[in-house]
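Take a look at the structure set out below.
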Amino acid sequence: MPKKKVPLPGSSRTPLVEASVANPVESNETVSVSVVLRARSQTAAPETYAYSGLSAANHQRREEYGIAHGAAPSSIQTLKEFAHEYGLVVAESSPHRRTVVLSGTAENMERAFETKLSYYDSPHGRYRGRTGDIMIPEELQSEVVAVLGLDNRPAAKPHVRIHASQPPGALTPPQVAKLYNFPAGVTGAGQTIGIIELGGGYRTADLTTYFKSLGIPSPAVTSVAVDGGINKPAVDKNADGEVMLDIEVAAGVAPGARIVVYFAPNTDQGFHDAITTAVHDTANAPSVISISWGGPEDSWTQQAAAAMLQAVTDAAAVGVTVTAAAGDDGATDGETDGKLHVDLPACLPPVLGCGGTRLNTANGAFVSEVVWNELANGEGATGGGVSKIFPIPSYQSNAGVPHQPETNFAGRGVPDVAGDADPVTGYAVRVDGKNMVIGGTSAVAPLWAGLIALINQQLGRPVGFLNPAIYQIGSSVFRDIKSGNNGHYNAGAHWDACTGLGSPNGTALVSALAGHTKTAATV
């Protein structure tokens, strides 16, 4: 007798705007999905694991956390039985990541989850999609967070802006680090920076040439394949630009750190699985993860957003800082509906959201810094705003975050911090054998990731979830950006929805965090 099925909450899908059904999916086509399960025991709020300065004692070891808060064996067994019933194969099972990958024919997937798969043509290209809810067995209702991968539309885009020429204001990553007073005498040695990529690739020869030109040893870069994603350069210029920018900026400011690039397909499944793979990677053990891809928070299904939140909460628990670009299309995040949007994953409360500035210099010296906004000439602007989905976290309760203007929701404010992003004052990098200048908040996420690696080395421990500490420390360790706007929100004193708390004074931030240690210890 067939078991009763119920809708998976938050799983409803609609086609992309202007998408039309091209043809049904062939019944024998192989489809892979990631079933994300709940933790076997309740996980604490991310603030529980926030940097306090006392020690790393509030962080948990990856292995121990995975055992205590991974998926329950009984849940995995029930899911395996369900898969067997419908002719699906368990391709991978990771209790620590709470993820079980099921593989099978499209026909069996449709029967198992009571959905119809079709190919759609859209302005963003062809994708396999579905509509309506995913149905799951009633006995799994309390265990399943998300089923990702039935719909493989692009989940994100790289937040990168390639300048058409070589502007005179371009800077190398070490020059940017110097302008932001990054701590001297440390290189990030002993740290590993994880970088999430959803396309593109890097060429070792380009990295060797680039770092030789900077007079810096070429970094140790390795890649990890997730869900079939691989290092594949020279396919997409923007994606290659993203990958090379991320590596060259992060390693340019923290040349002693190891770089591990996690390549995954550009789907909600691939994005989620790349993050959880990096967070729970005991072999490479990144202490900071940089993400320069994203999409409007309301383009995600509720189930996928919940899975992403669970993934970055795990990062906080095991002492991993996650930095994410706030977007390059101003306050709309590139949507054309005339409404305000923030970018995910930057809007997830355990993530350090990174906004963008224009860093003006003369003869290598600082002149001024304003909000990045080149919307008038088509070169983008920093993302930022207020979430419509995630409530304001406690660490922002006194930051002056306004309610979301369209819904009056008291939401998470984005970004938290900022850095140089304007392509006019962008980063001189090397991509696919060519020297070019790239901007975008894509550069700010690896810039901050590199800074975190330096801080971790200097303090002798990972700072992990840093947001509560920096909001408590306040503007003394930032250059408060008070001029400019991102198309809706204006810059102003202290936190704002363009540049957050501001751009960093790296040495002052290290000192303040060390002082934060003494304060916490005294308390």
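Labeling convention for the structure tokens: chains A, B, ... as they appear, residues from 1 per chain, ligands from 1 in order of appearance.
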
Point to revise | Which of range 90-303 of chain A DSSP labels alpha helix (DSSP H), written as JSON, numbers by chain | key: {"A": [106, 107, 108, 109, 110, 111, 112, 113, 173, 174, 175, 176, 177, 178, 179, 204, 205, 206, 207, 208, 209, 210, 211, 212, 213, 214, 237, 238, 239, 240, 241, 242, 243, 244, 245, 246, 247, 248, 249, 250, 251, 252, 253, 268, 269, 270, 271, 272, 273, 274, 275, 276, 277, 278, 279, 302, 303]}

Exercise for review: Pick out the residues sitting within 9 Å of Phe271 in chain A, and hand them over as a ChimeraX atom specification; count only C-alpha atoms, and ignore anything fewer than 5 positions along from it in its own chain.
Suggested key: /A:155-156,196-198,264-266,276,308

Review point. Given the choices A:Gln457, A:Ser93, A:Ser290, A:Gln302, which gets closest to Pro73 in chain A if the distance is worked out from only C-alpha atoms?
Key: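 The answer is A:Ser93, which sits nearest to Pro73 in chain A.
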
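Computed from the coordinates, the CA of Arg258 in chain A to CA of Ala205 in chain A distance equals 17.3 Å.
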
Report as JSON lines the residues of range 381-472 of chain A within 7 Å of range 352-376 of chain A, each with its shortest atom pair and distance in Å (one decimal), using only C-alpha atoms, ordered by chain and increasing residue number.
{"residue": "A:Ala381", "atom": "CA", "partner": "A:Asn373", "partner_atom": "CA", "distance": 4.1}
{"residue": "A:Thr382", "atom": "CA", "partner": "A:Gly356", "partner_atom": "CA", "distance": 5.0}
{"residue": "A:Gly383", "atom": "CA", "partner": "A:Gly355", "partner_atom": "CA", "distance": 6.4}
{"residue": "A:Gly384", "atom": "CA", "partner": "A:Gly355", "partner_atom": "CA", "distance": 7.0}
{"residue": "A:Val414", "atom": "CA", "partner": "A:Gly353", "partner_atom": "CA", "distance": 6.2}
{"residue": "A:Pro415", "atom": "CA", "partner": "A:Gly353", "partner_atom": "CA", "distance": 4.5}
{"residue": "A:Asp416", "atom": "CA", "partner": "A:Gly353", "partner_atom": "CA", "distance": 5.1}
{"residue": "A:Val417", "atom": "CA", "partner": "A:Cys354", "partner_atom": "CA", "distance": 5.2}
{"residue": "A:Ala418", "atom": "CA", "partner": "A:Gly355", "partner_atom": "CA", "distance": 4.3}
{"residue": "A:Gly419", "atom": "CA", "partner": "A:Gly356", "partner_atom": "CA", "distance": 5.2}
{"residue": "A:Asp420", "atom": "CA", "partner": "A:Thr357", "partner_atom": "CA", "distance": 4.7}
{"residue": "A:Ala421", "atom": "CA", "partner": "A:Gly356", "partner_atom": "CA", "distance": 4.7}
{"residue": "A:Asp422", "atom": "CA", "partner": "A:Arg358", "partner_atom": "CA", "distance": 5.0}
{"residue": "A:Thr425", "atom": "CA", "partner": "A:Leu359", "partner_atom": "CA", "distance": 6.1}
{"residue": "A:Thr441", "atom": "CA", "partner": "A:Gly356", "partner_atom": "CA", "distance": 5.4}
{"residue": "A:Val444", "atom": "CA", "partner": "A:Cys354", "partner_atom": "CA", "distance": 6.0}
{"residue": "A:Ala445", "atom": "CA", "partner": "A:Cys354", "partner_atom": "CA", "distance": 5.8}
{"residue": "A:Asn467", "atom": "CA", "partner": "A:Leu352", "partner_atom": "CA", "distance": 6.5}

Practice item. Find the residues near range 215-228 of chain A: any atom within 10 Å, counting only C-alpha atoms, skip ones fewer than 5 places away on the same chain, and give them as a ChimeraX atom specification. Key: /A:32-34,101,174,192-196,198,201-202,204-210,247-248,250-265,269-271,273-275,277-278,284

Exercise for review: Excluding range 12-29 of chain A and any residue of its chain fewer than 6 positions from it, enumerate the residues within 8 Å of it, using only C-alpha atoms, and give them as a ChimeraX atom specification.
Suggested key: /A:105-107,117-123,128-134,301

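What separates CA of Asp298 in chain A from CA of Thr267 in chain A is a distance of 15.1 Å.
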
Residues of range 65-87 of chain A that approach range 314-322 of chain A to 12 Å or less, counting only C-alpha atoms: could you list each one with the shortest pair of atoms and its distance in Å to one decimal, rows by chain and increasing residue number, as a tab-separated table?
residue	atom	partner	partner_atom	distance
A:Tyr65	CA	A:Val318	CA	7.4
A:Gly66	CA	A:Asp314	CA	9.1
A:Ala68	CA	A:Ala317	CA	11.7
A:His69	CA	A:Asp314	CA	9.1
A:Gly70	CA	A:Asp314	CA	10.0

Now that the selection is made, can you save its residues with N, CA and C atoms as an mmCIF file, in the first residue's frame?
data_model
loop_
_atom_site.group_PDB
_atom_site.id
_atom_site.type_symbol
_atom_site.label_atom_id
_atom_site.label_comp_id
_atom_site.auth_asym_id
_atom_site.auth_seq_id
_atom_site.Cartn_x
_atom_site.Cartn_y
_atom_site.Cartn_z
ATOM 1 N N TYR A 65 31.225 17.948 16.253
ATOM 2 C CA TYR A 65 29.972 18.625 15.912
ATOM 3 C C TYR A 65 29.150 17.772 14.947
ATOM 4 N N GLY A 66 29.827 17.163 13.991
ATOM 5 C CA GLY A 66 29.131 16.315 13.032
ATOM 6 C C GLY A 66 28.456 15.132 13.684
ATOM 7 N N ALA A 68 27.489 15.010 16.945
ATOM 8 C CA ALA A 68 26.430 15.478 17.849
ATOM 9 C C ALA A 68 25.237 16.054 17.109
ATOM 10 N N HIS A 69 25.494 16.730 15.977
ATOM 11 C CA HIS A 69 24.425 17.472 15.304
ATOM 12 C C HIS A 69 24.229 17.056 13.846
ATOM 13 N N GLY A 70 24.788 15.930 13.484
ATOM 14 C CA GLY A 70 24.549 15.421 12.143
ATOM 15 C C GLY A 70 23.156 14.828 12.030
#
